[in-house]
>>> print(open('entry-v2.cif').read())   # mmCIF, C-alpha atoms
data_data
loop_
_atom_site.label_atom_id
_atom_site.label_comp_id
_atom_site.auth_asym_id
_atom_site.auth_seq_id
_atom_site.Cartn_x
_atom_site.Cartn_y
_atom_site.Cartn_z
CA MET D 1 3.16 12.11 1.68
CA GLY D 2 1.54 15.54 1.60
CA THR D 3 0.14 17.29 4.65
CA GLU D 4 -3.38 16.84 3.26
CA ASP D 5 -2.96 13.08 3.87
CA LEU D 6 -2.25 13.64 7.56
CA LEU D 7 -5.05 13.70 10.13
CA THR D 8 -5.24 14.67 13.80
CA THR D 9 -6.96 12.37 16.29
CA GLY D 10 -10.01 14.67 16.06
CA LYS D 11 -10.23 14.30 12.28
CA ILE D 12 -9.66 10.54 12.52
CA ALA D 13 -12.49 10.29 15.06
CA GLU D 14 -14.76 12.35 12.80
CA LYS D 15 -13.90 10.14 9.81
CA LEU D 16 -14.54 6.91 11.74
CA GLY D 17 -17.63 8.15 13.55
CA VAL D 18 -16.27 7.71 17.08
CA SER D 19 -15.33 10.14 19.85
CA GLN D 20 -11.94 11.83 19.86
CA GLY D 21 -11.38 10.52 23.38
CA LYS D 22 -11.69 6.96 22.12
CA VAL D 23 -9.10 7.56 19.38
CA SER D 24 -6.72 9.43 21.72
CA LYS D 25 -6.97 6.68 24.35
CA LEU D 26 -6.26 3.98 21.78
CA VAL D 27 -3.28 5.90 20.37
CA LYS D 28 -1.83 6.27 23.90
CA GLU D 29 -2.50 2.64 24.90
CA ARG D 30 -0.95 1.24 21.73
CA GLY D 31 1.92 3.74 21.63
CA ILE D 32 1.09 4.78 18.06
CA GLU D 33 3.50 7.55 17.13
CA PRO D 34 2.37 10.39 14.86
CA ASP D 35 4.00 10.62 11.42
CA GLN D 36 4.46 14.33 11.96
CA LYS D 37 4.22 16.71 14.90
CA LYS D 38 3.37 20.38 14.78
CA GLY D 39 3.65 21.95 18.19
CA ASN D 40 1.61 19.79 20.53
CA CYS D 41 -0.47 18.23 17.75
CA GLY D 42 0.22 14.83 16.21
CA TYR D 43 -0.66 14.11 12.59
CA TYR D 44 -1.22 10.55 11.40
CA GLY D 45 -0.86 9.26 7.85
CA PRO D 46 -3.15 6.80 6.03
CA GLY D 47 -1.22 3.75 7.28
CA LYS D 48 -1.63 4.72 10.93
CA VAL D 49 -5.27 5.69 10.38
CA LYS D 50 -5.84 2.14 9.07
CA VAL D 51 -4.13 0.67 12.17
CA ILE D 52 -6.31 2.84 14.43
CA GLU D 53 -9.45 1.86 12.50
CA GLU D 54 -8.66 -1.87 12.76
CA ALA D 55 -7.86 -1.54 16.46
CA LEU D 56 -11.18 0.20 17.10
CA LYS D 57 -13.07 -2.56 15.28
CA SER D 58 -11.47 -5.26 17.41
CA ALA D 59 -11.82 -3.29 20.67
#
>>> encode(input="entry-v2.cif", output="structure tokens")
Amino acid sequence: MGTEDLLTTGKIAEKLGVSQGKVSKLVKERGIEPDQKKGNCGYYGPGKVKVIEEALKSA
């Protein structure tokens, strides 16, 4: 998995058309761990993005 496949919560929110706060809150509530961490920033791969997307739809 290349770094270009990894997205921050901000990029995920942009992609899904929701606020970053909504994505961040969901990630915290569900305990979704980032696939990679750089400093304080978590990066999520396609699998986790799908999980986040599904969770937002059912929320």
>>> resolve_selection(input="entry-v2.cif", expression="the PyMOL selection byres ((chain D and resi 34-43) around 6)", output="PyMOL selection string")
chain D and resi 6-8+33+44
>>> closest_residue(input="entry-v2.cif", among="D:Glu4, D:Gly17, D:Ile52, D:Ser58", to="Gly31 of chain D", atoms="all atoms listed in the file")
D:Ile52
>>> resolve_selection(input="entry-v2.cif", expression="the PyMOL selection byres ((chain D and resi 59) around 12)", output="JSON, numbers by chain")
{"D": [22, 23, 25, 26, 29, 30, 52, 53, 54, 55, 56, 57, 58]}
>>> atom_distance(input="entry-v2.cif", atom1="atom CA of Val27 of chain D", atom2="atom CA of Lys15 of chain D")
15.6 Å
>>> atom_distance(input="entry-v2.cif", atom1="atom CA of Gly45 of chain D", atom2="atom CA of Asp5 of chain D")
5.9 Å
>>> atom_distance(input="entry-v2.cif", atom1="atom CA of Leu16 of chain D", atom2="atom CA of Gly47 of chain D")
14.4 Å
>>> residues_around(input="entry-v2.cif", residues="Ser24 of chain D", least_positions_apart="5", cutoff="9 Å", atoms="all atoms listed in the file", output="PyMOL selection string")
chain D and resi 9-10+13+19+29
>>> decode(input="entry-v2.cif", residues="segment 36-52 of chain D", atoms="N, CA and C atoms", output="PDB file, in the first residue's frame")
ATOM      1  N   GLN D  36      -1.295   4.155   9.370  1.00  0.00           N
ATOM      2  CA  GLN D  36       0.037   4.726   9.482  1.00  0.00           C
ATOM      3  C   GLN D  36      -0.073   6.048  10.228  1.00  0.00           C
ATOM      4  N   LYS D  37       0.964   6.356  11.028  1.00  0.00           N
ATOM      5  CA  LYS D  37       0.970   7.625  11.745  1.00  0.00           C
ATOM      6  C   LYS D  37       2.235   8.385  11.402  1.00  0.00           C
ATOM      7  N   LYS D  38       2.057   9.666  11.119  1.00  0.00           N
ATOM      8  CA  LYS D  38       3.207  10.542  10.896  1.00  0.00           C
ATOM      9  C   LYS D  38       3.043  11.684  11.868  1.00  0.00           C
ATOM     10  N   GLY D  39       3.887  11.733  12.856  1.00  0.00           N
ATOM     11  CA  GLY D  39       3.742  12.753  13.893  1.00  0.00           C
ATOM     12  C   GLY D  39       2.421  12.571  14.600  1.00  0.00           C
ATOM     13  N   ASN D  40       1.611  13.602  14.575  1.00  0.00           N
ATOM     14  CA  ASN D  40       0.315  13.563  15.247  1.00  0.00           C
ATOM     15  C   ASN D  40      -0.825  13.188  14.304  1.00  0.00           C
ATOM     16  N   CYS D  41      -0.485  12.955  13.043  1.00  0.00           N
ATOM     17  CA  CYS D  41      -1.490  12.752  12.002  1.00  0.00           C
ATOM     18  C   CYS D  41      -1.675  11.272  11.664  1.00  0.00           C
ATOM     19  N   GLY D  42      -2.932  10.834  11.642  1.00  0.00           N
ATOM     20  CA  GLY D  42      -3.233   9.454  11.277  1.00  0.00           C
ATOM     21  C   GLY D  42      -3.623   9.364   9.815  1.00  0.00           C
ATOM     22  N   TYR D  43      -3.140   8.321   9.154  1.00  0.00           N
ATOM     23  CA  TYR D  43      -3.461   8.097   7.743  1.00  0.00           C
ATOM     24  C   TYR D  43      -4.199   6.773   7.613  1.00  0.00           C
ATOM     25  N   TYR D  44      -5.314   6.813   6.903  1.00  0.00           N
ATOM     26  CA  TYR D  44      -6.185   5.643   6.781  1.00  0.00           C
ATOM     27  C   TYR D  44      -6.189   5.119   5.360  1.00  0.00           C
ATOM     28  N   GLY D  45      -6.092   3.793   5.231  1.00  0.00           N
ATOM     29  CA  GLY D  45      -6.090   3.145   3.926  1.00  0.00           C
ATOM     30  C   GLY D  45      -7.505   2.937   3.408  1.00  0.00           C
ATOM     31  N   PRO D  46      -7.622   2.457   2.161  1.00  0.00           N
ATOM     32  CA  PRO D  46      -8.924   2.258   1.517  1.00  0.00           C
ATOM     33  C   PRO D  46      -9.904   1.407   2.328  1.00  0.00           C
ATOM     34  N   GLY D  47      -9.419   0.390   2.994  1.00  0.00           N
ATOM     35  CA  GLY D  47     -10.291  -0.477   3.800  1.00  0.00           C
ATOM     36  C   GLY D  47     -10.950   0.287   4.938  1.00  0.00           C
ATOM     37  N   LYS D  48     -10.158   1.091   5.625  1.00  0.00           N
ATOM     38  CA  LYS D  48     -10.678   1.874   6.752  1.00  0.00           C
ATOM     39  C   LYS D  48     -11.592   2.992   6.256  1.00  0.00           C
ATOM     40  N   VAL D  49     -11.260   3.565   5.104  1.00  0.00           N
ATOM     41  CA  VAL D  49     -12.100   4.616   4.521  1.00  0.00           C
ATOM     42  C   VAL D  49     -13.482   4.035   4.241  1.00  0.00           C
ATOM     43  N   LYS D  50     -13.523   2.802   3.738  1.00  0.00           N
ATOM     44  CA  LYS D  50     -14.788   2.115   3.452  1.00  0.00           C
ATOM     45  C   LYS D  50     -15.589   1.918   4.748  1.00  0.00           C
ATOM     46  N   VAL D  51     -14.904   1.499   5.808  1.00  0.00           N
ATOM     47  CA  VAL D  51     -15.549   1.297   7.116  1.00  0.00           C
ATOM     48  C   VAL D  51     -16.145   2.617   7.608  1.00  0.00           C
ATOM     49  N   ILE D  52     -15.370   3.697   7.489  1.00  0.00           N
ATOM     50  CA  ILE D  52     -15.822   5.015   7.920  1.00  0.00           C
ATOM     51  C   ILE D  52     -17.031   5.452   7.088  1.00  0.00           C
TER      52      ILE D  52
END
